[in-house]
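Data file: upload_22.pdb. Format and content: PDB, C-alpha atoms.
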ATOM      1  CA  MET A  27       7.379  44.561  -9.605
ATOM      2  CA  ARG A  28       9.955  42.513 -11.526
ATOM      3  CA  ASP A  29       9.117  40.378 -14.526
ATOM      4  CA  PRO A  30       7.107  37.425 -13.107
ATOM      5  CA  TYR A  31       9.042  34.902 -15.203
ATOM      6  CA  SER A  32      12.264  36.195 -13.632
ATOM      7  CA  VAL A  33      10.758  36.130 -10.133
ATOM      8  CA  LEU A  34       9.777  32.447 -10.443
ATOM      9  CA  GLY A  35      12.958  31.574 -12.339
ATOM     10  CA  VAL A  36      11.207  30.028 -15.350
ATOM     11  CA  SER A  37      11.356  30.683 -19.076
ATOM     12  CA  LYS A  38       8.504  32.144 -21.109
ATOM     13  CA  SER A  39       7.958  28.710 -22.668
ATOM     14  CA  ALA A  40       7.496  27.047 -19.257
ATOM     15  CA  SER A  41       4.488  24.758 -18.868
ATOM     16  CA  GLU A  42       1.755  25.266 -16.261
ATOM     17  CA  ALA A  43       3.268  22.419 -14.252
ATOM     18  CA  ASP A  44       6.741  24.046 -14.377
ATOM     19  CA  ILE A  45       5.291  27.342 -13.148
ATOM     20  CA  LYS A  46       3.373  25.724 -10.309
ATOM     21  CA  ARG A  47       6.452  23.688  -9.321
ATOM     22  CA  ALA A  48       8.610  26.824  -9.221
ATOM     23  CA  TYR A  49       6.050  28.688  -7.104
ATOM     24  CA  ARG A  50       5.657  25.706  -4.758
ATOM     25  CA  LYS A  51       9.407  25.689  -4.121
ATOM     26  CA  LEU A  52       9.599  29.437  -3.432
ATOM     27  CA  ALA A  53       6.473  29.385  -1.247
ATOM     28  CA  LYS A  54       7.855  26.621   0.937
ATOM     29  CA  THR A  55      11.141  28.487   1.337
ATOM     30  CA  TYR A  56       9.871  32.005   1.997
ATOM     31  CA  HIS A  57       6.409  31.571   3.546
ATOM     32  CA  PRO A  58       5.946  34.018   6.491
ATOM     33  CA  ASP A  59       4.927  31.246   8.878
ATOM     34  CA  GLN A  60       8.372  29.766   8.362
ATOM     35  CA  ASN A  61      10.256  33.099   8.413
ATOM     36  CA  ALA A  62       8.580  35.196  11.090
ATOM     37  CA  ASP A  63      11.768  37.182  11.837
ATOM     38  CA  ASN A  64      12.953  37.614   8.274
ATOM     39  CA  PRO A  65      11.309  40.606   6.496
ATOM     40  CA  SER A  66      13.239  39.946   3.285
ATOM     41  CA  ALA A  67      11.817  36.425   3.118
ATOM     42  CA  GLN A  68       8.309  37.819   3.508
ATOM     43  CA  GLU A  69       9.006  40.242   0.657
ATOM     44  CA  ARG A  70      10.219  37.376  -1.525
ATOM     45  CA  PHE A  71       7.078  35.392  -0.697
ATOM     46  CA  SER A  72       4.853  38.342  -1.593
ATOM     47  CA  GLU A  73       6.758  38.865  -4.838
ATOM     48  CA  ALA A  74       6.485  35.174  -5.749
ATOM     49  CA  SER A  75       2.756  35.182  -4.953
ATOM     50  CA  GLN A  76       2.215  38.209  -7.175
ATOM     51  CA  ALA A  77       4.146  36.535  -9.983
ATOM     52  CA  TYR A  78       2.144  33.332  -9.631
ATOM     53  CA  GLU A  79      -1.066  35.366  -9.618
ATOM     54  CA  ILE A  80      -0.169  36.399 -13.184
ATOM     55  CA  LEU A  81       1.491  33.268 -14.566
ATOM     56  CA  GLY A  82      -0.711  30.782 -12.716
ATOM     57  CA  ASP A  83      -3.794  32.163 -14.459
ATOM     58  CA  LYS A  84      -3.931  31.127 -18.108
ATOM     59  CA  GLU A  85      -5.832  34.234 -19.242
ATOM     60  CA  LYS A  86      -3.698  36.692 -17.260
ATOM     61  CA  ARG A  87      -0.516  35.037 -18.473
ATOM     62  CA  ALA A  88      -1.672  35.481 -22.073
ATOM     63  CA  GLN A  89      -2.528  39.129 -21.381
ATOM     64  CA  PHE A  90       0.904  39.715 -19.872
ATOM     65  CA  ASP A  91       2.660  38.011 -22.769
ATOM     66  CA  ARG A  92       0.716  40.237 -25.194
ATOM     67  CA  GLY A  93       1.679  43.321 -23.190
ATOM     68  CA  GLU A  94      -1.885  44.101 -22.167
ATOM     69  CA  ILE A  95      -1.158  44.055 -18.417
ATOM     70  CA  ASP A  96       1.983  44.738 -16.401
ATOM     71  CA  ALA A  97       3.697  42.584 -13.784
ATOM     72  CA  GLU A  98       1.174  43.739 -11.147
ATOM     73  CA  GLY A  99      -1.782  42.784 -13.321
ATOM     74  CA  LYS A 100      -2.708  46.377 -14.153
ATOM     75  CA  PRO A 101      -3.736  47.434 -17.692
ATOM     76  CA  ARG A 102      -0.766  48.659 -19.681
ATOM     77  CA  PHE A 103      -1.494  51.613 -21.988
ATOM     78  CA  GLN A 104       0.615  51.550 -25.147
ATOM     79  CA  ALA A 105       2.472  54.620 -26.393
ATOM     80  CA  HIS A 106       1.019  54.563 -29.900
ATOM     81  CA  GLY A 107      -2.721  55.094 -29.695
ATOM     82  CA  PHE A 108      -3.121  52.214 -27.150
ATOM     83  CA  ASP A 109      -1.890  49.787 -29.834
ATOM     84  CA  GLY A 110      -5.312  48.840 -31.112
ATOM     85  CA  PHE A 111      -7.167  48.886 -27.777
ATOM     86  CA  SER A 112     -10.612  50.454 -27.790
ATOM     87  CA  ASP A 113     -11.745  52.620 -24.908
ATOM     88  CA  SER A 114     -14.198  49.938 -23.882
ATOM     89  CA  ASP A 115     -11.405  47.315 -23.758
ATOM     90  CA  ILE A 116      -9.245  49.536 -21.567
ATOM     91  CA  PHE A 117     -11.998  50.503 -19.151
ATOM     92  CA  ARG A 118     -13.198  46.885 -18.987
ATOM     93  CA  GLN A 119      -9.719  45.741 -17.949
ATOM     94  CA  ALA A 120      -9.429  48.509 -15.376
ATOM     95  CA  ARG A 121     -12.880  47.701 -13.987
ATOM     96  CA  ASN A 122     -12.066  43.993 -13.788
ATOM     97  CA  GLN A 123      -8.790  44.783 -12.041
ATOM     98  CA  ARG A 124     -10.528  46.984  -9.446
ATOM     99  CA  GLY A 125     -13.113  44.289  -8.858
ATOM    100  CA  TYR A 126     -10.353  41.744  -8.314
ATOM    101  CA  GLN A 127      -8.547  43.991  -5.838
ATOM    102  CA  GLN A 128     -11.771  44.695  -3.967
ATOM    103  CA  GLN A 129     -12.288  40.984  -3.548
ATOM    104  CA  GLY A 130      -8.957  40.867  -1.690
ATOM    105  CA  GLN A 131      -7.804  38.013  -3.898
ATOM    106  CA  ALA A 132     -10.016  35.799  -1.732
ATOM    107  CA  GLY A 133     -10.821  32.232  -2.585
ATOM    108  CA  GLY A 134      -8.660  30.478  -5.141
ATOM    109  CA  PHE A 135      -5.227  31.563  -3.929
ATOM    110  CA  ASP A 136      -5.860  30.190  -0.450
ATOM    111  CA  ASP A 137      -6.868  26.875  -1.969
ATOM    112  CA  ILE A 138      -3.641  26.852  -3.999
ATOM    113  CA  LEU A 139      -1.519  27.567  -0.930
ATOM    114  CA  ASN A 140      -3.362  24.948   1.112
ATOM    115  CA  ASP A 141      -2.622  22.458  -1.662
ATOM    116  CA  ILE A 142       1.018  23.499  -1.979
ATOM    117  CA  LEU A 143       1.907  24.072   1.681
ATOM    118  CA  GLY A 144      -0.539  21.798   3.451
ATOM    119  CA  GLY A 145      -2.262  24.687   5.173
ATOM    120  CA  PHE A 146       0.513  27.236   5.782
ATOM    121  CA  GLY A 147      -1.421  29.820   3.718
ATOM    122  CA  GLY A 148      -4.184  31.898   5.184
ATOM    123  CA  ARG A 149      -2.756  34.998   6.866
ATOM    124  CA  ALA A 150      -2.601  38.371   5.210
ATOM    125  CA  ARG A 151       1.093  39.132   5.035
ATOM    126  CA  GLY A 152       3.606  40.824   2.805
ATOM    127  CA  GLY A 153       2.767  42.992  -0.189
ATOM    128  CA  GLY A 154      -0.968  43.055   0.476
ATOM    129  CA  PHE A 155      -1.486  39.338  -0.174
ATOM    130  CA  ALA A 156      -4.535  38.011   1.664
ATOM    131  CA  GLY A 157      -4.928  34.254   1.689
ATOM    132  CA  GLY A 158      -8.334  33.956   3.294
ATOM    133  CA  ALA A 159     -11.822  34.974   2.347
ATOM    134  CA  GLY A 160     -14.707  36.847   3.966
ATOM    135  CA  PRO A 161     -14.334  37.766   7.643
ATOM    136  CA  GLY A 162     -10.724  36.610   7.777
ATOM    137  CA  MET A 163      -9.520  39.390   5.453
ATOM    138  CA  GLY A 164      -7.346  41.848   7.274
ATOM    139  CA  ALA A 165      -6.104  39.332   9.842
ATOM    140  CA  GLY A 166      -2.581  40.288  10.805
ATOM    141  CA  MET A 167      -3.345  43.942   9.891
ATOM    142  CA  GLY A 168      -5.609  44.853  12.784
ATOM    143  CA  GLY A 169      -8.466  42.676  11.542
ATOM    144  CA  ARG A 170     -10.688  40.266  13.407
ATOM    145  CA  GLY A 171      -8.094  37.869  14.739
ATOM    146  CA  PRO A 172      -6.138  34.834  13.507
ATOM    147  CA  GLN A 173      -7.306  32.868  10.510
ATOM    148  CA  PRO A 174      -8.150  29.162  10.759
ATOM    149  CA  LYS A 175      -5.070  27.058  10.057
ATOM    150  CA  ARG A 176      -5.129  23.507   8.778
ATOM    151  CA  GLY A 177      -3.301  20.910  10.843
ATOM    152  CA  GLN A 178      -0.105  19.285   9.638
ATOM    153  CA  ASP A 179      -0.093  15.929   7.879
ATOM    154  CA  VAL A 180       1.547  13.065   9.729
ATOM    155  CA  GLN A 181       3.651  10.298   8.194
ATOM    156  CA  ILE A 182       3.053   6.778   9.537
ATOM    157  CA  THR A 183       4.845   3.578   8.544
ATOM    158  CA  ALA A 184       2.846   0.333   8.631
ATOM    159  CA  ARG A 185       4.842  -2.907   8.696
ATOM    160  CA  VAL A 186       2.767  -5.478   6.857
ATOM    161  CA  THR A 187       3.403  -9.204   6.503
ATOM    162  CA  LEU A 188       2.640 -11.097   3.323
ATOM    163  CA  GLU A 189       0.049 -13.075   5.268
ATOM    164  CA  GLN A 190      -1.744  -9.846   6.203
ATOM    165  CA  LEU A 191      -1.661  -8.707   2.591
ATOM    166  CA  VAL A 192      -3.275 -11.959   1.408
ATOM    167  CA  HIS A 193      -5.704 -12.865   4.189
ATOM    168  CA  GLU A 194      -6.464  -9.947   6.500
ATOM    169  CA  ARG A 195      -6.242  -7.183   3.866
ATOM    170  CA  LYS A 196      -5.706  -4.586   6.622
ATOM    171  CA  ALA A 197      -3.035  -3.162   8.907
ATOM    172  CA  ARG A 198      -3.362  -1.533  12.317
ATOM    173  CA  VAL A 199      -1.724   1.877  12.861
ATOM    174  CA  THR A 200      -1.679   4.376  15.733
ATOM    175  CA  LEU A 201      -2.767   7.959  14.997
ATOM    176  CA  PRO A 202      -1.305  11.131  16.600
ATOM    177  CA  ASN A 203      -4.173  11.220  19.107
ATOM    178  CA  GLY A 204      -3.193   7.753  20.342
ATOM    179  CA  LYS A 205      -6.141   6.015  18.717
ATOM    180  CA  SER A 206      -5.462   2.752  16.834
ATOM    181  CA  VAL A 207      -7.333   2.116  13.599
ATOM    182  CA  ASP A 208      -7.328  -0.591  10.938
ATOM    183  CA  VAL A 209      -6.277   0.602   7.488
ATOM    184  CA  LYS A 210      -7.718  -1.285   4.536
ATOM    185  CA  LEU A 211      -5.058  -2.597   2.151
ATOM    186  CA  PRO A 212      -6.431  -2.294  -1.400
ATOM    187  CA  ASP A 213      -5.849  -5.094  -3.904
ATOM    188  CA  GLY A 214      -2.521  -4.587  -5.601
ATOM    189  CA  THR A 215      -0.858  -2.910  -2.617
ATOM    190  CA  VAL A 216       2.925  -3.042  -3.037
ATOM    191  CA  ASP A 217       5.904  -2.150  -0.882
ATOM    192  CA  GLY A 218       6.141   1.638  -0.526
ATOM    193  CA  GLU A 219       2.471   2.276  -1.338
ATOM    194  CA  LYS A 220       0.986   5.319   0.435
ATOM    195  CA  ILE A 221      -2.582   5.430   1.731
ATOM    196  CA  ARG A 222      -4.104   8.769   2.779
ATOM    197  CA  LEU A 223      -6.463   8.936   5.760
ATOM    198  CA  ARG A 224      -8.349  12.219   5.449
ATOM    199  CA  GLY A 225      -8.577  14.326   8.598
ATOM    200  CA  GLN A 226      -6.589  11.882  10.746
ATOM    201  CA  GLY A 227      -3.444  14.013  11.101
ATOM    202  CA  HIS A 228      -2.555  16.747  13.556
ATOM    203  CA  PRO A 229      -5.447  19.010  14.652
ATOM    204  CA  GLY A 230      -5.839  22.454  13.119
ATOM    205  CA  GLU A 231      -5.649  25.818  14.863
ATOM    206  CA  HIS A 232      -8.348  28.460  15.338
ATOM    207  CA  GLY A 233     -11.044  26.204  13.925
ATOM    208  CA  GLY A 234      -8.998  24.923  10.986
ATOM    209  CA  GLY A 235      -9.454  21.351   9.785
ATOM    210  CA  ALA A 236      -7.187  18.500  10.798
ATOM    211  CA  GLY A 237      -4.385  17.360   8.521
ATOM    212  CA  ASP A 238      -4.191  13.915   6.965
ATOM    213  CA  ALA A 239      -2.389  10.754   8.012
ATOM    214  CA  ILE A 240      -0.182   9.371   5.230
ATOM    215  CA  VAL A 241       0.341   5.648   5.822
ATOM    216  CA  GLU A 242       3.303   4.142   3.968
ATOM    217  CA  VAL A 243       3.125   0.363   3.594
ATOM    218  CA  ARG A 244       6.410  -1.471   4.101
ATOM    219  CA  LEU A 245       6.363  -5.216   3.517
ATOM    220  CA  ALA A 246       8.090  -7.220   6.217
ATOM    221  CA  ARG A 247      10.826  -9.571   5.065
ATOM    222  CA  HIS A 248       9.565 -13.151   4.770
ATOM    223  CA  ALA A 249      11.617 -16.220   5.649
ATOM    224  CA  LEU A 250      10.623 -18.066   2.439
ATOM    225  CA  PHE A 251       8.989 -15.811  -0.138
ATOM    226  CA  THR A 252      10.283 -12.835  -2.093
ATOM    227  CA  PRO A 253       7.649 -10.528  -3.692
ATOM    228  CA  SER A 254       7.959  -9.625  -7.379
ATOM    229  CA  ASP A 255       5.019  -7.368  -8.284
ATOM    230  CA  ASP A 256       2.013  -9.634  -7.581
ATOM    231  CA  ASP A 257       4.071 -12.846  -7.862
ATOM    232  CA  LEU A 258       6.052 -14.567  -5.134
ATOM    233  CA  LYS A 259       9.402 -16.297  -5.620
ATOM    234  CA  LEU A 260      10.520 -19.375  -3.685
ATOM    235  CA  GLU A 261      13.785 -21.285  -3.817
ATOM    236  CA  LEU A 262      12.962 -24.922  -3.035
ATOM    237  CA  PRO A 263      15.819 -27.013  -1.589
ATOM    238  CA  ILE A 264      15.850 -30.612  -2.945
ATOM    239  CA  THR A 265      18.181 -33.562  -2.597
ATOM    240  CA  LEU A 266      20.422 -34.901  -5.343
ATOM    241  CA  TYR A 267      18.376 -38.072  -5.648
ATOM    242  CA  GLU A 268      15.096 -36.116  -5.834
ATOM    243  CA  ALA A 269      16.607 -34.149  -8.671
ATOM    244  CA  VAL A 270      17.828 -37.268 -10.540
ATOM    245  CA  LEU A 271      14.899 -39.608  -9.904
ATOM    246  CA  GLY A 272      12.033 -37.118  -9.625
ATOM    247  CA  GLU A 273       9.799 -36.836  -6.582
ATOM    248  CA  LYS A 274       6.678 -35.251  -5.156
ATOM    249  CA  VAL A 275       7.708 -32.595  -2.661
ATOM    250  CA  ARG A 276       5.609 -30.618  -0.165
ATOM    251  CA  VAL A 277       5.856 -26.939  -1.017
ATOM    252  CA  PRO A 278       4.721 -24.191   1.407
ATOM    253  CA  THR A 279       2.414 -21.410   0.169
ATOM    254  CA  LEU A 280       0.632 -18.559   1.946
ATOM    255  CA  ASP A 281      -2.528 -20.701   1.761
ATOM    256  CA  GLY A 282      -0.973 -23.922   3.127
ATOM    257  CA  ALA A 283       1.387 -26.577   1.740
ATOM    258  CA  VAL A 284       0.749 -28.311  -1.604
ATOM    259  CA  ASN A 285       2.369 -31.244  -3.411
ATOM    260  CA  LEU A 286       4.640 -30.375  -6.349
ATOM    261  CA  THR A 287       6.149 -32.950  -8.688
ATOM    262  CA  ILE A 288       9.853 -32.407  -9.268
ATOM    263  CA  THR A 289      11.002 -33.764 -12.629
ATOM    264  CA  PRO A 290      14.629 -34.125 -13.746
ATOM    265  CA  SER A 291      14.146 -31.261 -16.195
ATOM    266  CA  ALA A 292      12.770 -29.017 -13.445
ATOM    267  CA  ALA A 293      15.660 -29.917 -11.170
ATOM    268  CA  GLY A 294      18.001 -28.392 -13.720
ATOM    269  CA  GLY A 295      16.972 -24.900 -12.604
ATOM    270  CA  LYS A 296      13.661 -24.612 -14.453
ATOM    271  CA  THR A 297      11.118 -22.450 -12.605
ATOM    272  CA  MET A 298       7.706 -23.972 -11.965
ATOM    273  CA  ARG A 299       4.575 -21.891 -11.548
ATOM    274  CA  LEU A 300       1.781 -22.428  -9.026
ATOM    275  CA  LYS A 301      -1.169 -20.411 -10.329
ATOM    276  CA  GLY A 302      -3.004 -18.069  -7.964
ATOM    277  CA  LYS A 303      -0.646 -18.591  -5.027
ATOM    278  CA  GLY A 304       0.896 -15.130  -5.174
ATOM    279  CA  LEU A 305      -0.265 -11.711  -3.921
ATOM    280  CA  PRO A 306      -3.565  -9.899  -4.605
ATOM    281  CA  ASN A 307      -3.479  -7.727  -7.730
ATOM    282  CA  LYS A 308      -5.476  -4.715  -8.883
ATOM    283  CA  ASN A 309      -7.692  -6.902 -11.089
ATOM    284  CA  GLY A 310      -9.138  -8.676  -8.077
ATOM    285  CA  GLY A 311      -7.167 -11.872  -8.684
ATOM    286  CA  ARG A 312      -3.813 -13.088  -7.425
ATOM    287  CA  GLY A 313      -0.383 -13.547  -8.889
ATOM    288  CA  ASP A 314       1.526 -16.827  -8.991
ATOM    289  CA  LEU A 315       4.103 -18.602  -6.859
ATOM    290  CA  LEU A 316       7.314 -19.165  -8.853
ATOM    291  CA  VAL A 317       9.220 -22.170  -7.502
ATOM    292  CA  THR A 318      12.873 -22.762  -8.462
ATOM    293  CA  PRO A 319      14.393 -26.059  -7.238
ATOM    294  CA  ARG A 320      17.894 -25.811  -5.787
ATOM    295  CA  ILE A 321      19.951 -28.977  -5.237
ATOM    296  CA  VAL A 322      21.435 -29.213  -1.758
ATOM    297  CA  LEU A 323      24.246 -31.721  -1.115
ATOM    298  CA  PRO A 324      24.823 -33.390   2.269
ATOM    299  CA  GLU A 325      26.616 -31.160   4.764
ATOM    300  CA  GLU A 326      29.086 -33.869   5.772
ATOM    301  CA  ASP A 327      31.627 -35.428   3.374
ATOM    302  CA  ASP A 328      30.360 -38.621   1.738
ATOM    303  CA  GLU A 329      33.105 -40.801   0.275
ATOM    304  CA  GLU A 330      30.658 -43.119  -1.500
ATOM    305  CA  LEU A 331      29.022 -40.155  -3.228
ATOM    306  CA  ALA A 332      32.434 -38.827  -4.189
ATOM    307  CA  THR A 333      33.425 -42.218  -5.659
ATOM    308  CA  LEU A 334      30.162 -42.382  -7.603
ATOM    309  CA  MET A 335      30.670 -38.894  -8.982
ATOM    310  CA  ARG A 336      34.247 -39.653 -10.078
ATOM    311  CA  ALA A 337      33.009 -42.712 -11.957
ATOM    312  CA  TRP A 338      30.148 -40.698 -13.471
ATOM    313  CA  LYS A 339      32.605 -38.034 -14.565
ATOM    314  CA  GLU A 340      34.662 -40.628 -16.402
ATOM    315  CA  LEU A 341      31.735 -42.452 -17.992
ATOM    316  CA  ARG A 342      29.147 -39.707 -18.573
ATOM    317  CA  PRO A 343      30.853 -36.308 -18.777
ATOM    318  CA  TYR A 344      28.618 -33.380 -19.827
ATOM    319  CA  ARG A 345      28.783 -29.566 -20.035
ATOM    320  CA  PRO A 346      26.144 -27.692 -18.030
ATOM    321  CA  ARG A 347      27.554 -24.326 -19.132
ATOM    322  CA  GLY A 348      27.418 -22.956 -22.684
ATOM    323  CA  SER A 349      30.209 -21.501 -24.800
ATOM    324  CA  GLU A 350      29.615 -18.028 -23.361
ATOM    325  CA  PHE A 351      31.310 -19.225 -20.157
ATOM    326  CA  GLY A 352      34.549 -19.865 -22.063
TER     327      GLY A 352
END
Represent the structure of the file as structure tokens.
Amino acid sequence: MRDPYSVLGVSKSASEADIKRAYRKLAKTYHPDQNADNPSAQERFSEASQAYEILGDKEKRAQFDRGEIDAEGKPRFQAHGFDGFSDSDIFRQARNQRGYQQQGQAGGFDDILNDILGGFGGRARGGGFAGGAGPGMGAGMGGRGPQPKRGQDVQITARVTLEQLVHERKARVTLPNGKSVDVKLPDGTVDGEKIRLRGQGHPGEHGGGAGDAIVEVRLARHALFTPSDDDLKLELPITLYEAVLGEKVRVPTLDGAVNLTITPSAAGGKTMRLKGKGLPNKNGGRGDLLVTPRIVLPEEDDEELATLMRAWKELRPYRPRGSEFG
């Protein structure tokens, strides 16, 4: 057995997360269920599992680093009087090791593989690794038949409108079995949020549990509003005279239109805020609607307006842009 750090491709100072990440990557690549006709891949998987058995266990990793056990987890006897080990220490380690082997490594490792591979683990393959517990031990080696296998997760995309996010708070999706269900949209749901539906994925095999359905929320593009966290942004078209004289303008919101007073200062590009007219947030409230007026000139040419603007330019010139514009 090679040095477990070398097998997983990590340094001796690697964190627990680094070690688990390295094992996850190797397990996905070389797992026997994915490489049924590749004996070398099965050997690599067994080797990686053995390495993770040492480095993934905090106590065993410390024992290996101190030289107390070898790369297979067996007690290592030192050349010089056992290097301080008492007979009781040595026999205790050997006894613990035998007990671990007799248990067939059942239990925790299968849970780890289920977590890492979504249920690929579970058959006894390669290098004596057994990923199940109890009656399933020995499956694949003339044992009692195939182990239960967890079903695969399924990825589902839910297109959600802003109106649904505010009022309905749910989205309807279709599961792999053809059944349609309503998925609750928690407060604070944003574009790209993923919601896990336990046991709603593909069915398992040989009595294994079903996988999960992973619902990814994608917000549909709105004709008026642009989301910004829990706020909404709206560009409000106004006329030139509304901007100069001021006016009350009807402004749409997701809860119905409201009146908004446009002042000359606001018409200069200042954003106005309508409290509580945005999207639900994680605090149970709602964000705001940010309204930015945008002056829209007539589509057709207007000679009178042009004449007025030429006179205004001569009589009342002003600079809307600062020195940074040159």
Residues near Pro263 of chain A, cut-off 7 Å, all atoms listed in the file, skip fewer than 6 positions along chain, as number ranges by chain: A: 319-322
Which residues of segment 228-289 of chain A have any atom within 9 Å of an atom in segment 184-197 of chain A when counting only C-alpha atoms, and what is the closest pair of atoms for each, with the distance in Å to one decimal? Order the rows by chain and rising number and write it as a Markdown table.
| residue | atom | partner | partner_atom | distance |
| --- | --- | --- | --- | --- |
| A:Val241 | CA | A:Ala184 | CA | 6.5 |
| A:Glu242 | CA | A:Ala184 | CA | 6.0 |
| A:Val243 | CA | A:Ala184 | CA | 5.0 |
| A:Arg244 | CA | A:Arg185 | CA | 5.1 |
| A:Leu245 | CA | A:Val186 | CA | 4.9 |
| A:Ala246 | CA | A:Thr187 | CA | 5.1 |
| A:Arg247 | CA | A:Thr187 | CA | 7.6 |
| A:His248 | CA | A:Leu188 | CA | 7.4 |
| A:Phe251 | CA | A:Leu188 | CA | 8.6 |
| A:Pro253 | CA | A:Leu188 | CA | 8.6 |
| A:Leu280 | CA | A:Glu189 | CA | 6.4 |
| A:Asp281 | CA | A:Glu189 | CA | 8.8 |
Evaluate the PyMOL selection byres ((chain A and resi 173-181) around 6) here and jot the selected residues down as a PDB file with C-alpha atoms, in the frame of the given file.
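Below is the file out_5.pdb, written as the result:
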ATOM      1  CA  GLY A 145      -2.262  24.687   5.173  1.00  0.00           C
ATOM      2  CA  GLY A 162     -10.724  36.610   7.777  1.00  0.00           C
ATOM      3  CA  PRO A 172      -6.138  34.834  13.507  1.00  0.00           C
ATOM      4  CA  ILE A 182       3.053   6.778   9.537  1.00  0.00           C
ATOM      5  CA  GLY A 227      -3.444  14.013  11.101  1.00  0.00           C
ATOM      6  CA  HIS A 228      -2.555  16.747  13.556  1.00  0.00           C
ATOM      7  CA  PRO A 229      -5.447  19.010  14.652  1.00  0.00           C
ATOM      8  CA  GLY A 230      -5.839  22.454  13.119  1.00  0.00           C
ATOM      9  CA  GLU A 231      -5.649  25.818  14.863  1.00  0.00           C
ATOM     10  CA  HIS A 232      -8.348  28.460  15.338  1.00  0.00           C
ATOM     11  CA  GLY A 233     -11.044  26.204  13.925  1.00  0.00           C
ATOM     12  CA  GLY A 234      -8.998  24.923  10.986  1.00  0.00           C
ATOM     13  CA  GLY A 235      -9.454  21.351   9.785  1.00  0.00           C
ATOM     14  CA  ALA A 236      -7.187  18.500  10.798  1.00  0.00           C
ATOM     15  CA  GLY A 237      -4.385  17.360   8.521  1.00  0.00           C
ATOM     16  CA  ASP A 238      -4.191  13.915   6.965  1.00  0.00           C
ATOM     17  CA  ALA A 239      -2.389  10.754   8.012  1.00  0.00           C
ATOM     18  CA  ILE A 240      -0.182   9.371   5.230  1.00  0.00           C
TER      19      ILE A 240
END
If you measure from atom CA of Gln89 of chain A to atom CA of Phe71 of chain A, what distance in Å do you get, rounded to one decimal?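 Calculated distance between atom CA of Gln89 of chain A and atom CA of Phe71 of chain A is 23.1 Å.
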All residues 10 Å or closer to Leu300 of chain A, all atoms listed in the file, same chain fewer than 4 positions away omitted, as a count of residues only: 11
Neighbouring residues of segment 73-79 of chain A were defined as those with any atom within 7 Å, considering all atoms listed in the file; residues of the same chain fewer than 6 positions away were excluded. Please report them as a list in words.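 In the requested format, the answer is Pro30, Val33, Leu34, Tyr49, Leu52 and Glu98 of chain A.
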Atomic distance atom CA of Pro212 of chain A - atom CA of Val199 of chain A, expressed in Å with one decimal: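 Going from atom CA of Pro212 of chain A over to atom CA of Val199 of chain A, I get 15.6 Å.
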Separation of atom CA of Val207 of chain A from atom CA of Pro306 of chain A, in Å and rounded to one decimal: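 Those two atoms sit 22.1 Å apart.
Residue neighbourhood of Asn307 of chain A, excluding near-sequence residues (fewer than 4 positions): Pro212, Asp213, Gly214, Thr215, Asp255, Asp256, Gly311, Arg312 and Gly313 of chain A, at 9 Å, using all atoms listed in the file.
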Could those residues be written to a file, using C-alpha atoms, as a short mmCIF file (atom, residue, chain, number, x, y, z; two decimals), keeping the file's coordinate frame?
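Output contents, as saved in selection23.cif:
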data_model
loop_
_atom_site.label_atom_id
_atom_site.label_comp_id
_atom_site.auth_asym_id
_atom_site.auth_seq_id
_atom_site.Cartn_x
_atom_site.Cartn_y
_atom_site.Cartn_z
CA PRO A 212 -6.43 -2.29 -1.40
CA ASP A 213 -5.85 -5.09 -3.90
CA GLY A 214 -2.52 -4.59 -5.60
CA THR A 215 -0.86 -2.91 -2.62
CA ASP A 255 5.02 -7.37 -8.28
CA ASP A 256 2.01 -9.63 -7.58
CA GLY A 311 -7.17 -11.87 -8.68
CA ARG A 312 -3.81 -13.09 -7.42
CA GLY A 313 -0.38 -13.55 -8.89
#
Using the block above, I'd like segment 302-320 of chain A written out, keeping C-alpha atoms and formatting it as a short mmCIF file (atom, residue, chain, number, x, y, z; two decimals), in the first residue's frame.
data_model
loop_
_atom_site.label_atom_id
_atom_site.label_comp_id
_atom_site.auth_asym_id
_atom_site.auth_seq_id
_atom_site.Cartn_x
_atom_site.Cartn_y
_atom_site.Cartn_z
CA GLY A 302 -42.27 47.39 0.63
CA LYS A 303 -43.04 47.03 -3.07
CA GLY A 304 -40.13 44.72 -3.83
CA LEU A 305 -39.60 40.96 -3.35
CA PRO A 306 -39.99 38.88 -0.16
CA ASN A 307 -36.81 38.69 1.92
CA LYS A 308 -35.52 36.23 4.50
CA ASN A 309 -36.65 38.48 7.37
CA GLY A 310 -40.29 38.01 6.45
CA GLY A 311 -40.63 41.49 4.96
CA ARG A 312 -40.22 42.82 1.44
CA GLY A 313 -37.69 44.91 -0.38
CA ASP A 314 -38.42 48.19 -2.14
CA LEU A 315 -39.29 49.32 -5.65
CA LEU A 316 -36.61 51.70 -6.98
CA VAL A 317 -38.07 54.03 -9.61
CA THR A 318 -35.80 56.04 -11.93
CA PRO A 319 -37.56 58.56 -14.21
CA ARG A 320 -36.36 58.64 -17.81
#
